[in-house]
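Chemist: What follows is my_file-v2.cif, made up of mmCIF, C-alpha atoms:
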data_my_file
loop_
_atom_site.group_PDB
_atom_site.id
_atom_site.type_symbol
_atom_site.label_atom_id
_atom_site.label_comp_id
_atom_site.auth_asym_id
_atom_site.auth_seq_id
_atom_site.Cartn_x
_atom_site.Cartn_y
_atom_site.Cartn_z
ATOM 1 C CA MET J 1 35.116 87.563 106.281
ATOM 2 C CA SER J 2 35.903 90.725 104.298
ATOM 3 C CA ASP J 3 39.082 91.214 106.323
ATOM 4 C CA LEU J 4 40.511 87.919 105.096
ATOM 5 C CA PRO J 5 43.140 88.206 102.332
ATOM 6 C CA ALA J 6 42.059 87.444 98.784
ATOM 7 C CA ILE J 7 44.968 85.020 98.379
ATOM 8 C CA GLU J 8 47.021 83.352 101.076
ATOM 9 C CA ALA J 9 49.855 81.029 99.997
ATOM 10 C CA LEU J 10 51.089 78.801 102.808
ATOM 11 C CA ASP J 11 54.486 77.130 102.371
ATOM 12 C CA LEU J 12 53.795 75.954 98.807
ATOM 13 C CA ARG J 13 56.240 73.386 97.435
ATOM 14 C CA LYS J 14 56.495 71.634 94.077
ATOM 15 C CA SER J 15 59.228 69.518 92.508
ATOM 16 C CA PHE J 16 59.582 67.901 89.107
ATOM 17 C CA GLY J 17 62.076 65.117 89.610
ATOM 18 C CA GLU J 18 65.276 66.736 90.842
ATOM 19 C CA ASN J 19 64.043 70.228 89.958
ATOM 20 C CA ARG J 20 62.658 71.898 93.087
ATOM 21 C CA ALA J 21 60.566 74.449 91.203
ATOM 22 C CA VAL J 22 58.877 76.048 94.233
ATOM 23 C CA GLN J 23 60.469 75.844 97.662
ATOM 24 C CA GLY J 24 58.277 76.924 100.559
ATOM 25 C CA VAL J 25 56.601 80.019 99.087
ATOM 26 C CA SER J 26 54.302 81.977 101.408
ATOM 27 C CA PHE J 27 52.638 85.352 100.840
ATOM 28 C CA GLN J 28 49.270 87.026 101.032
ATOM 29 C CA VAL J 29 47.414 89.351 98.684
ATOM 30 C CA ASN J 30 44.921 91.831 100.100
ATOM 31 C CA ARG J 31 41.529 92.218 98.500
ATOM 32 C CA GLY J 32 41.343 94.808 95.741
ATOM 33 C CA GLU J 33 45.097 95.154 95.217
ATOM 34 C CA ILE J 34 47.608 94.341 92.499
ATOM 35 C CA PHE J 35 50.316 91.965 93.701
ATOM 36 C CA SER J 36 53.198 91.192 91.337
ATOM 37 C CA LEU J 37 55.489 88.188 91.432
ATOM 38 C CA LEU J 38 58.704 89.498 89.876
ATOM 39 C CA GLY J 39 61.585 87.305 88.838
ATOM 40 C CA PRO J 40 63.578 85.932 85.900
ATOM 41 C CA ASN J 41 62.366 83.106 83.689
ATOM 42 C CA GLY J 42 62.616 79.848 85.620
ATOM 43 C CA ALA J 43 62.146 81.508 89.016
ATOM 44 C CA GLY J 44 59.022 79.455 89.793
ATOM 45 C CA LYS J 45 56.360 82.077 89.081
ATOM 46 C CA THR J 46 54.300 79.998 86.638
ATOM 47 C CA THR J 47 54.476 76.888 88.826
ATOM 48 C CA THR J 48 53.217 78.980 91.748
ATOM 49 C CA ILE J 49 50.359 80.361 89.634
ATOM 50 C CA SER J 50 49.497 76.848 88.426
ATOM 51 C CA MET J 51 49.165 75.619 92.007
ATOM 52 C CA LEU J 52 47.070 78.625 92.982
ATOM 53 C CA SER J 53 44.858 77.913 89.932
ATOM 54 C CA CYS J 54 44.358 74.260 90.975
ATOM 55 C CA LEU J 55 46.048 73.089 87.773
ATOM 56 C CA LEU J 56 48.953 71.581 89.729
ATOM 57 C CA ARG J 57 48.607 69.928 93.120
ATOM 58 C CA PRO J 58 51.313 71.074 95.534
ATOM 59 C CA ASP J 59 53.660 68.473 96.995
ATOM 60 C CA ASP J 60 53.267 70.253 100.308
ATOM 61 C CA GLY J 61 51.622 73.373 101.684
ATOM 62 C CA ASP J 62 48.249 74.887 100.860
ATOM 63 C CA ALA J 63 46.695 78.146 99.709
ATOM 64 C CA ARG J 64 43.350 79.858 100.152
ATOM 65 C CA VAL J 65 41.660 81.984 97.512
ATOM 66 C CA MET J 66 38.787 84.058 98.906
ATOM 67 C CA GLY J 67 38.808 81.668 101.866
ATOM 68 C CA ARG J 68 38.649 78.500 99.724
ATOM 69 C CA SER J 69 41.435 75.912 99.936
ATOM 70 C CA ILE J 70 43.166 74.795 96.737
ATOM 71 C CA ARG J 71 43.487 71.342 98.315
ATOM 72 C CA SER J 72 40.024 70.718 99.775
ATOM 73 C CA ASP J 73 37.838 73.011 97.635
ATOM 74 C CA PRO J 74 39.345 73.393 94.139
ATOM 75 C CA SER J 75 35.871 73.867 92.590
ATOM 76 C CA GLY J 76 35.204 76.745 94.979
ATOM 77 C CA VAL J 77 38.543 78.331 94.061
ATOM 78 C CA LYS J 78 37.820 78.085 90.336
ATOM 79 C CA SER J 79 34.379 79.668 90.795
ATOM 80 C CA VAL J 80 35.888 82.962 92.012
ATOM 81 C CA LEU J 81 38.916 82.941 89.729
ATOM 82 C CA GLY J 82 39.842 84.147 86.257
ATOM 83 C CA VAL J 83 43.164 82.951 84.801
ATOM 84 C CA VAL J 84 45.162 84.478 81.941
ATOM 85 C CA PRO J 85 47.820 81.874 81.071
ATOM 86 C CA GLN J 86 51.110 82.545 79.293
ATOM 87 C CA GLU J 87 49.998 80.485 76.312
ATOM 88 C CA ILE J 88 47.220 81.726 74.032
ATOM 89 C CA ALA J 89 44.102 79.584 74.594
ATOM 90 C CA LEU J 90 41.880 80.589 71.672
ATOM 91 C CA TYR J 91 40.346 79.057 68.545
ATOM 92 C CA GLU J 92 42.078 80.830 65.672
ATOM 93 C CA ASP J 93 39.394 79.948 63.093
ATOM 94 C CA LEU J 94 36.770 81.766 65.175
ATOM 95 C CA SER J 95 36.330 85.517 65.572
ATOM 96 C CA ALA J 96 37.004 87.282 68.868
ATOM 97 C CA ARG J 97 33.240 87.486 69.487
ATOM 98 C CA GLU J 98 32.790 83.783 68.734
ATOM 99 C CA ASN J 99 35.682 82.851 71.029
ATOM 100 C CA LEU J 100 34.258 84.909 73.874
ATOM 101 C CA THR J 101 30.779 83.467 73.269
ATOM 102 C CA PHE J 102 32.125 79.919 73.353
ATOM 103 C CA TRP J 103 34.046 80.451 76.592
ATOM 104 C CA GLY J 104 31.120 82.356 78.096
ATOM 105 C CA LYS J 105 28.976 79.251 77.651
ATOM 106 C CA MET J 106 31.633 77.285 79.517
ATOM 107 C CA TYR J 107 30.931 79.663 82.417
ATOM 108 C CA ASP J 108 27.183 78.911 82.086
ATOM 109 C CA LEU J 109 26.353 82.307 80.605
ATOM 110 C CA ARG J 110 23.421 82.202 78.183
ATOM 111 C CA GLY J 111 21.197 84.323 75.973
ATOM 112 C CA SER J 112 21.002 88.097 76.364
ATOM 113 C CA LYS J 113 23.190 88.003 79.487
ATOM 114 C CA LEU J 114 25.975 86.292 77.514
ATOM 115 C CA LYS J 115 25.678 88.693 74.571
ATOM 116 C CA ALA J 116 25.757 91.737 76.836
ATOM 117 C CA ARG J 117 28.772 90.436 78.737
ATOM 118 C CA VAL J 118 30.675 89.667 75.510
ATOM 119 C CA ASP J 119 30.012 93.240 74.329
ATOM 120 C CA GLU J 120 31.236 94.624 77.670
ATOM 121 C CA VAL J 121 34.440 92.578 77.537
ATOM 122 C CA LEU J 122 35.149 93.546 73.924
ATOM 123 C CA GLU J 123 34.887 97.181 75.003
ATOM 124 C CA VAL J 124 37.252 96.595 77.942
ATOM 125 C CA ILE J 125 39.944 94.947 75.786
ATOM 126 C CA GLY J 126 39.580 97.565 73.050
ATOM 127 C CA LEU J 127 38.569 95.194 70.250
ATOM 128 C CA ARG J 128 34.875 95.909 69.697
ATOM 129 C CA ASP J 129 35.524 97.384 66.230
ATOM 130 C CA ARG J 130 37.376 94.207 65.159
ATOM 131 C CA ALA J 131 35.245 91.713 67.062
ATOM 132 C CA ASN J 132 34.088 89.828 63.973
ATOM 133 C CA GLU J 133 37.532 89.238 62.471
ATOM 134 C CA ARG J 134 39.072 85.789 62.676
ATOM 135 C CA VAL J 135 41.508 85.594 65.597
ATOM 136 C CA GLY J 136 44.081 83.909 63.354
ATOM 137 C CA LYS J 137 44.541 87.276 61.610
ATOM 138 C CA TYR J 138 45.215 89.128 64.858
ATOM 139 C CA SER J 139 48.632 90.255 66.055
ATOM 140 C CA GLY J 140 50.116 88.525 69.084
ATOM 141 C CA GLY J 141 49.144 91.460 71.271
ATOM 142 C CA MET J 142 45.530 91.396 70.121
ATOM 143 C CA LYS J 143 45.318 87.662 70.812
ATOM 144 C CA ARG J 144 46.585 88.258 74.336
ATOM 145 C CA ARG J 145 43.904 90.886 74.831
ATOM 146 C CA VAL J 146 41.220 88.354 73.833
ATOM 147 C CA ASN J 147 42.868 85.850 76.196
ATOM 148 C CA ILE J 148 42.401 88.383 79.001
ATOM 149 C CA GLY J 149 38.798 88.933 77.927
ATOM 150 C CA VAL J 150 38.049 85.227 78.332
ATOM 151 C CA ALA J 151 39.213 85.373 81.955
ATOM 152 C CA LEU J 152 36.928 88.335 82.691
ATOM 153 C CA LEU J 153 33.686 86.983 81.255
ATOM 154 C CA HIS J 154 32.248 85.612 84.509
ATOM 155 C CA LYS J 155 33.280 88.691 86.550
ATOM 156 C CA PRO J 156 35.723 86.859 88.821
ATOM 157 C CA GLN J 157 36.730 88.278 92.178
ATOM 158 C CA VAL J 158 40.384 87.369 91.620
ATOM 159 C CA VAL J 159 42.362 87.403 88.351
ATOM 160 C CA TYR J 160 45.748 85.785 87.721
ATOM 161 C CA MET J 161 47.823 87.103 84.835
ATOM 162 C CA ASP J 162 50.930 85.108 83.971
ATOM 163 C CA GLU J 163 53.443 87.168 81.943
ATOM 164 C CA PRO J 164 50.658 88.708 79.791
ATOM 165 C CA THR J 165 52.875 91.221 77.939
ATOM 166 C CA VAL J 166 55.707 88.979 76.735
ATOM 167 C CA GLY J 167 56.512 89.454 73.056
ATOM 168 C CA ILE J 168 53.762 91.894 72.128
ATOM 169 C CA ASP J 169 53.594 95.309 70.487
ATOM 170 C CA PRO J 170 53.795 98.506 72.591
ATOM 171 C CA GLN J 171 50.163 99.495 71.938
ATOM 172 C CA SER J 172 48.791 96.160 73.154
ATOM 173 C CA ARG J 173 51.150 96.200 76.109
ATOM 174 C CA ARG J 174 49.863 99.639 77.123
ATOM 175 C CA ASN J 175 46.270 98.445 76.729
ATOM 176 C CA ILE J 176 46.928 95.444 78.986
ATOM 177 C CA LEU J 177 48.656 97.490 81.695
ATOM 178 C CA ASP J 178 45.837 100.053 81.666
ATOM 179 C CA ASN J 179 43.295 97.239 81.961
ATOM 180 C CA VAL J 180 45.090 95.757 84.963
ATOM 181 C CA VAL J 181 44.689 99.086 86.749
ATOM 182 C CA ARG J 182 41.054 99.292 85.628
ATOM 183 C CA LEU J 183 40.322 95.860 87.101
ATOM 184 C CA LYS J 184 41.748 96.987 90.427
ATOM 185 C CA ASN J 185 39.653 100.156 90.307
ATOM 186 C CA GLU J 186 36.579 97.964 89.770
ATOM 187 C CA GLY J 187 37.381 96.060 92.958
ATOM 188 C CA MET J 188 39.085 92.968 91.544
ATOM 189 C CA THR J 189 42.224 91.471 93.037
ATOM 190 C CA VAL J 190 45.019 90.887 90.520
ATOM 191 C CA LEU J 191 47.986 88.534 90.902
ATOM 192 C CA TYR J 192 50.405 89.472 88.131
ATOM 193 C CA THR J 193 53.642 87.695 87.191
ATOM 194 C CA THR J 194 56.376 89.407 85.202
ATOM 195 C CA HIS J 195 60.106 89.586 84.643
ATOM 196 C CA TYR J 196 59.827 93.238 83.597
ATOM 197 C CA MET J 197 60.900 95.381 86.528
ATOM 198 C CA GLU J 198 59.220 98.519 85.189
ATOM 199 C CA GLU J 199 55.818 96.768 85.003
ATOM 200 C CA ALA J 200 56.026 95.654 88.626
ATOM 201 C CA GLN J 201 57.017 99.175 89.687
ATOM 202 C CA GLU J 202 54.197 100.826 87.742
ATOM 203 C CA LEU J 203 51.347 98.484 88.662
ATOM 204 C CA SER J 204 51.876 96.986 92.057
ATOM 205 C CA ASP J 205 50.623 97.704 95.538
ATOM 206 C CA HIS J 206 52.936 94.925 96.749
ATOM 207 C CA ILE J 207 55.696 92.962 95.015
ATOM 208 C CA GLY J 208 57.142 89.541 95.757
ATOM 209 C CA ILE J 209 60.581 88.856 94.274
ATOM 210 C CA MET J 210 61.191 85.224 93.296
ATOM 211 C CA ASP J 211 64.413 83.457 92.371
ATOM 212 C CA HIS J 212 65.248 79.753 92.117
ATOM 213 C CA GLY J 213 61.862 78.729 93.481
ATOM 214 C CA LYS J 214 61.998 80.908 96.584
ATOM 215 C CA LEU J 215 60.318 84.160 97.555
ATOM 216 C CA ILE J 216 63.369 86.183 98.586
ATOM 217 C CA ALA J 217 61.694 89.514 99.418
ATOM 218 C CA CYS J 218 58.214 90.977 99.649
ATOM 219 C CA GLY J 219 56.849 94.482 100.216
ATOM 220 C CA THR J 220 55.883 97.721 98.532
ATOM 221 C CA ASN J 221 58.210 99.155 95.901
ATOM 222 C CA GLU J 222 59.436 101.717 98.421
ATOM 223 C CA GLU J 223 60.066 99.080 101.101
ATOM 224 C CA LEU J 224 62.018 96.880 98.715
ATOM 225 C CA VAL J 225 64.161 99.720 97.359
ATOM 226 C CA LYS J 226 65.122 100.596 100.940
ATOM 227 C CA LEU J 227 66.868 97.210 101.124
ATOM 228 C CA VAL J 228 69.717 98.637 99.039
ATOM 229 C CA GLY J 229 69.850 101.869 101.032
ATOM 230 C CA GLN J 230 70.982 104.838 98.990
ATOM 231 C CA GLN J 231 73.258 102.853 96.692
ATOM 232 C CA THR J 232 73.325 103.801 93.026
ATOM 233 C CA ARG J 233 73.428 101.294 90.175
ATOM 234 C CA ILE J 234 76.023 101.806 87.433
ATOM 235 C CA ASP J 235 75.968 99.821 84.168
ATOM 236 C CA LEU J 236 79.297 99.924 82.300
ATOM 237 C CA THR J 237 79.902 98.425 78.865
ATOM 238 C CA LEU J 238 83.404 97.029 78.354
ATOM 239 C CA ASN J 239 85.223 96.055 75.182
ATOM 240 C CA ALA J 240 87.106 93.128 76.800
ATOM 241 C CA HIS J 241 87.971 91.183 79.983
ATOM 242 C CA VAL J 242 84.570 91.734 81.608
ATOM 243 C CA GLU J 243 84.874 88.995 84.239
ATOM 244 C CA SER J 244 88.401 90.039 85.244
ATOM 245 C CA VAL J 245 87.402 93.683 85.517
ATOM 246 C CA ALA J 246 84.303 92.781 87.543
ATOM 247 C CA ALA J 247 86.487 90.816 89.966
ATOM 248 C CA ALA J 248 88.806 93.821 90.382
ATOM 249 C CA TRP J 249 85.876 96.153 90.964
ATOM 250 C CA ARG J 250 84.615 93.987 93.827
ATOM 251 C CA GLU J 251 87.750 94.958 95.751
ATOM 252 C CA ILE J 252 87.123 98.701 95.478
ATOM 253 C CA GLU J 253 85.883 100.402 98.629
ATOM 254 C CA GLY J 254 82.277 101.593 98.320
ATOM 255 C CA VAL J 255 81.468 99.097 95.535
ATOM 256 C CA SER J 256 79.244 96.072 96.120
ATOM 257 C CA HIS J 257 77.467 93.280 94.240
ATOM 258 C CA VAL J 258 79.229 93.513 90.889
ATOM 259 C CA ALA J 259 77.672 91.323 88.181
ATOM 260 C CA ALA J 260 78.901 90.782 84.622
ATOM 261 C CA GLU J 261 76.960 89.545 81.604
ATOM 262 C CA ASN J 262 77.175 89.972 77.815
ATOM 263 C CA GLY J 263 79.892 92.626 77.945
ATOM 264 C CA VAL J 264 78.108 94.722 80.578
ATOM 265 C CA ALA J 265 79.223 94.980 84.206
ATOM 266 C CA THR J 266 76.707 96.200 86.768
ATOM 267 C CA ALA J 267 77.754 97.530 90.182
ATOM 268 C CA LEU J 268 76.055 99.025 93.202
ATOM 269 C CA VAL J 269 78.039 101.907 94.676
ATOM 270 C CA ASN J 270 77.668 104.192 97.664
ATOM 271 C CA ASP J 271 78.728 107.311 95.736
ATOM 272 C CA SER J 272 78.999 107.266 91.954
ATOM 273 C CA ASN J 273 81.197 110.391 91.875
ATOM 274 C CA LEU J 274 83.788 108.730 94.116
ATOM 275 C CA ALA J 275 83.537 105.266 92.580
ATOM 276 C CA LEU J 276 83.710 106.046 88.855
ATOM 277 C CA PRO J 277 87.385 107.158 88.729
ATOM 278 C CA HIS J 278 88.417 103.952 90.522
ATOM 279 C CA LEU J 279 86.310 101.837 88.157
ATOM 280 C CA PHE J 280 88.004 103.415 85.135
ATOM 281 C CA GLU J 281 91.463 102.988 86.661
ATOM 282 C CA ALA J 282 90.911 99.306 87.412
ATOM 283 C CA ALA J 283 89.604 98.666 83.892
ATOM 284 C CA SER J 284 92.589 100.459 82.373
ATOM 285 C CA ARG J 285 95.050 98.344 84.385
ATOM 286 C CA LEU J 286 93.489 95.238 82.837
ATOM 287 C CA SER J 287 93.661 96.705 79.294
ATOM 288 C CA ALA J 288 89.887 97.037 79.085
ATOM 289 C CA ARG J 289 88.121 100.117 77.795
ATOM 290 C CA ILE J 290 84.776 101.356 79.135
ATOM 291 C CA THR J 291 82.649 102.329 76.134
ATOM 292 C CA SER J 292 79.468 103.484 77.887
ATOM 293 C CA VAL J 293 78.258 104.374 81.365
ATOM 294 C CA ASN J 294 74.661 104.419 82.599
ATOM 295 C CA ILE J 295 73.941 105.634 86.140
ATOM 296 C CA ARG J 296 70.584 104.763 87.721
ATOM 297 C CA GLU J 297 68.962 105.591 91.021
ATOM 298 C CA PRO J 298 67.974 102.629 93.226
ATOM 299 C CA ASN J 299 65.167 100.492 91.758
ATOM 300 C CA LEU J 300 63.925 96.899 91.781
ATOM 301 C CA GLU J 301 66.762 95.727 89.538
ATOM 302 C CA ALA J 302 69.203 97.048 92.128
ATOM 303 C CA VAL J 303 67.237 95.171 94.801
ATOM 304 C CA PHE J 304 67.495 91.924 92.829
ATOM 305 C CA LEU J 305 71.222 92.475 92.335
ATOM 306 C CA HIS J 306 71.622 93.216 96.027
ATOM 307 C CA LEU J 307 69.753 90.047 97.061
ATOM 308 C CA THR J 308 71.174 87.583 94.529
ATOM 309 C CA GLY J 309 74.455 89.031 93.267
ATOM 310 C CA ARG J 310 73.004 88.835 89.731
ATOM 311 C CA ALA J 311 71.285 91.368 87.513
ATOM 312 C CA LEU J 312 67.614 90.832 86.654
ATOM 313 C CA ARG J 313 67.748 90.278 82.893
ATOM 314 C CA ASP J 314 65.037 89.417 80.384
#
When written as structure tokens, how does the structure in this file appear?
Modeler:
Amino acid sequence: MSDLPAIEALDLRKSFGENRAVQGVSFQVNRGEIFSLLGPNGAGKTTTISMLSCLLRPDDGDARVMGRSIRSDPSGVKSVLGVVPQEIALYEDLSARENLTFWGKMYDLRGSKLKARVDEVLEVIGLRDRANERVGKYSGGMKRRVNIGVALLHKPQVVYMDEPTVGIDPQSRRNILDNVVRLKNEGMTVLYTTHYMEEAQELSDHIGIMDHGKLIACGTNEELVKLVGQQTRIDLTLNAHVESVAAAWREIEGVSHVAAENGVATALVNDSNLALPHLFEAASRLSARITSVNIREPNLEAVFLHLTGRALRD
């Protein structure tokens, strides 16, 4: 039994009218690891999480969480699961301690066991010294930390975190990322969704890249980066004619997967030293001026560009 994966998604599909939000997603998450679903907003990450949480019933496919089916045993799935949703699910007129106590009772925790667990969770999320303040006075980052605390109260075996660091301050973001690693070190399995490439790179044992409802690649960071070989990413800011320049750059030998957005053109090149003079020449011919150049070694953004022809943007 212990060799079974913590999570196994099997051809999950979900549509909302004409919108095919999730299209045949399959992956597995090993016990005690951090698995990130990385992709832009609208890629299908939250819909996938919602199905795995038994909040949405899939149109087709199934998934097992610690051996329990989301279709035939949703109660069993929920018993081993903690979920941190994108939206804050707290009572703002209550303190952090009161919120945790309330939700702890929903998990059937009582008396001294509940009080001790609330104290433990407050310590984990770094809010014990402000536990008695009303949540409505908290910053967005502090509220998210309490949201995470709620999911940890019953010591779940598996935790889902859906974009937990969006729109928060750097200190709270650091606290959350450190806590994700701590949960793994304590033996929990974490399924983490994000559109921040650097978070996926820092945290993950394995990464699944999603786009337009499909899982387009899956592996370790090193395995995924190998998909683009030794190509280097170059971001170039232009003062004009970005689309025309990008089209011209696609014709240059050694240049691939050029994308253009908001005045910035991004290209993957075999050799930046050879490619840059040709990029400048082509821009000059089209009366465009390059105002900045940023050269990056291969990373997950380059992988996304390689697989989709588009840059992974916030």
Chemist: Convert the output of the PyMOL selection byres ((chain J and resi 240-242) around 12) on the shown file into explicit residues, formatted as a PyMOL selection string.
Modeler: chain J and resi 236-239+243-249+258-266+282-291
Chemist: I'd like to know which of J:Leu90, J:Val146, J:Met210, J:Phe102 is closest to Val22 of chain J, using all atoms listed in the file.
Modeler: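 Closest residue, counting all atoms listed in the file: J:Met210.
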Chemist: Please indicate the distance in Å from atom CA of Ser79 of chain J to atom CA of Thr193 of chain J, rounded to one decimal place.
Modeler: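 Computed distance, atom CA of Ser79 of chain J to atom CA of Thr193 of chain J, equals 21.2 Å.
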Chemist: Could you list, as a PDB file with C-alpha atoms, in the coordinates of the input, every residue matched by the PyMOL selection byres ((chain J and resi 68) around 12) in this structure?
Modeler:
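And here's expr.pdb as it stands now:
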ATOM      1  CA  MET J   1      35.116  87.563 106.281  1.00  0.00           C
ATOM      2  CA  LEU J   4      40.511  87.919 105.096  1.00  0.00           C
ATOM      3  CA  PRO J   5      43.140  88.206 102.332  1.00  0.00           C
ATOM      4  CA  ALA J   6      42.059  87.444  98.784  1.00  0.00           C
ATOM      5  CA  ILE J   7      44.968  85.020  98.379  1.00  0.00           C
ATOM      6  CA  GLU J   8      47.021  83.352 101.076  1.00  0.00           C
ATOM      7  CA  ALA J   9      49.855  81.029  99.997  1.00  0.00           C
ATOM      8  CA  LEU J  52      47.070  78.625  92.982  1.00  0.00           C
ATOM      9  CA  SER J  53      44.858  77.913  89.932  1.00  0.00           C
ATOM     10  CA  CYS J  54      44.358  74.260  90.975  1.00  0.00           C
ATOM     11  CA  ASP J  62      48.249  74.887 100.860  1.00  0.00           C
ATOM     12  CA  ALA J  63      46.695  78.146  99.709  1.00  0.00           C
ATOM     13  CA  ARG J  64      43.350  79.858 100.152  1.00  0.00           C
ATOM     14  CA  VAL J  65      41.660  81.984  97.512  1.00  0.00           C
ATOM     15  CA  MET J  66      38.787  84.058  98.906  1.00  0.00           C
ATOM     16  CA  GLY J  67      38.808  81.668 101.866  1.00  0.00           C
ATOM     17  CA  SER J  69      41.435  75.912  99.936  1.00  0.00           C
ATOM     18  CA  ILE J  70      43.166  74.795  96.737  1.00  0.00           C
ATOM     19  CA  ARG J  71      43.487  71.342  98.315  1.00  0.00           C
ATOM     20  CA  SER J  72      40.024  70.718  99.775  1.00  0.00           C
ATOM     21  CA  ASP J  73      37.838  73.011  97.635  1.00  0.00           C
ATOM     22  CA  PRO J  74      39.345  73.393  94.139  1.00  0.00           C
ATOM     23  CA  SER J  75      35.871  73.867  92.590  1.00  0.00           C
ATOM     24  CA  GLY J  76      35.204  76.745  94.979  1.00  0.00           C
ATOM     25  CA  VAL J  77      38.543  78.331  94.061  1.00  0.00           C
ATOM     26  CA  LYS J  78      37.820  78.085  90.336  1.00  0.00           C
ATOM     27  CA  SER J  79      34.379  79.668  90.795  1.00  0.00           C
ATOM     28  CA  VAL J  80      35.888  82.962  92.012  1.00  0.00           C
ATOM     29  CA  LEU J  81      38.916  82.941  89.729  1.00  0.00           C
TER      30      LEU J  81
END
Chemist: Mind giving me the straight-line distance from atom CA of Arg296 of chain J to atom CA of Ser204 of chain J in Å, one decimal?
Modeler: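 Taking atom CA of Arg296 of chain J as the start and atom CA of Ser204 of chain J as the end point, the length is 20.7 Å.
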Chemist: Written as number ranges by chain, what is the full residue list that the PyMOL selection byres ((chain J and resi 86) around 6) yields on the file shown?
Modeler: J: 85, 87, 162-163
Chemist: When distances are computed from all atoms listed in the file, which of J:Phe16, J:Tyr138, J:Phe304, J:Tyr107 shows the smallest separation from Lys155 of chain J?
Modeler: J:Tyr107
Chemist: In Å to one decimal, how far is atom CA of Arg145 of chain J from atom CA of Leu100 of chain J?
Modeler: 11.4 Å
Chemist: Give me, as CSV, each residue of segment 46-68 of chain J that comes within 12 Å of segment 212-215 of chain J, together with its shortest interatomic pair and the distance in Å at one decimal, counting all atoms listed in the file, with rows ordered by chain and rising residue number.
Modeler:
residue,atom,partner,partner_atom,distance
J:Thr46,CA,J:Gly213,CA,10.3
J:Thr47,CA,J:Gly213,CA,8.9
J:Thr48,CA,J:Gly213,CA,8.8
Chemist: Hey, which of J:Arg182, J:Arg57, J:Arg110, J:Lys45 ends up closest to Met161 of chain J? Count all atoms listed in the file.
Modeler: J:Lys45
Chemist: Around the point (27.6, 82.2, 79.3), in the coordinates given by the file, pick out the residues reaching within 12 Å, counting all atoms listed in the file, and return them as a PyMOL selection string.
Modeler: chain J and resi 98-118+150+152-155
Chemist: Taking (67.2, 86.2, 95.4) in the file's coordinates as the center, which residues reach within 10 Å of it, counting only C-alpha atoms, put as JSON, numbers by chain?
Modeler: {"J": [39, 43, 209, 210, 211, 212, 213, 214, 215, 216, 217, 303, 304, 305, 306, 307, 308, 309, 310, 312]}
Chemist: Using all atoms listed in the file, which residue out of J:Asn299, J:Asn41, J:Asn270, J:Ser292 lies closest to Val225 of chain J?
Modeler: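 Closest residue, counting all atoms listed in the file: J:Asn299.
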Chemist: Near segment 166-179 of chain J, counting only C-alpha atoms, which residues have an atom at most 10 Å away, once you skip same-chain residues fewer than 4 positions from it, shown as an mmCIF file with C-alpha atoms, in the frame of the given file?
Modeler:
data_model
loop_
_atom_site.group_PDB
_atom_site.id
_atom_site.type_symbol
_atom_site.label_atom_id
_atom_site.label_comp_id
_atom_site.auth_asym_id
_atom_site.auth_seq_id
_atom_site.Cartn_x
_atom_site.Cartn_y
_atom_site.Cartn_z
ATOM 1 C CA GLN J 86 51.110 82.545 79.293
ATOM 2 C CA VAL J 124 37.252 96.595 77.942
ATOM 3 C CA ILE J 125 39.944 94.947 75.786
ATOM 4 C CA GLY J 126 39.580 97.565 73.050
ATOM 5 C CA SER J 139 48.632 90.255 66.055
ATOM 6 C CA GLY J 140 50.116 88.525 69.084
ATOM 7 C CA GLY J 141 49.144 91.460 71.271
ATOM 8 C CA MET J 142 45.530 91.396 70.121
ATOM 9 C CA LYS J 143 45.318 87.662 70.812
ATOM 10 C CA ARG J 144 46.585 88.258 74.336
ATOM 11 C CA ARG J 145 43.904 90.886 74.831
ATOM 12 C CA ILE J 148 42.401 88.383 79.001
ATOM 13 C CA ASP J 162 50.930 85.108 83.971
ATOM 14 C CA LEU J 183 40.322 95.860 87.101
ATOM 15 C CA LYS J 184 41.748 96.987 90.427
ATOM 16 C CA ASN J 185 39.653 100.156 90.307
ATOM 17 C CA THR J 194 56.376 89.407 85.202
ATOM 18 C CA HIS J 195 60.106 89.586 84.643
ATOM 19 C CA TYR J 196 59.827 93.238 83.597
ATOM 20 C CA GLU J 199 55.818 96.768 85.003
ATOM 21 C CA GLU J 202 54.197 100.826 87.742
ATOM 22 C CA LEU J 203 51.347 98.484 88.662
#
Chemist: For a quick check of understanding, using all atoms listed in the file, which of J:Val29, J:Ile207, J:Ala96, J:Val135 has the smallest distance to Glu123 of chain J?
Modeler: J:Ala96
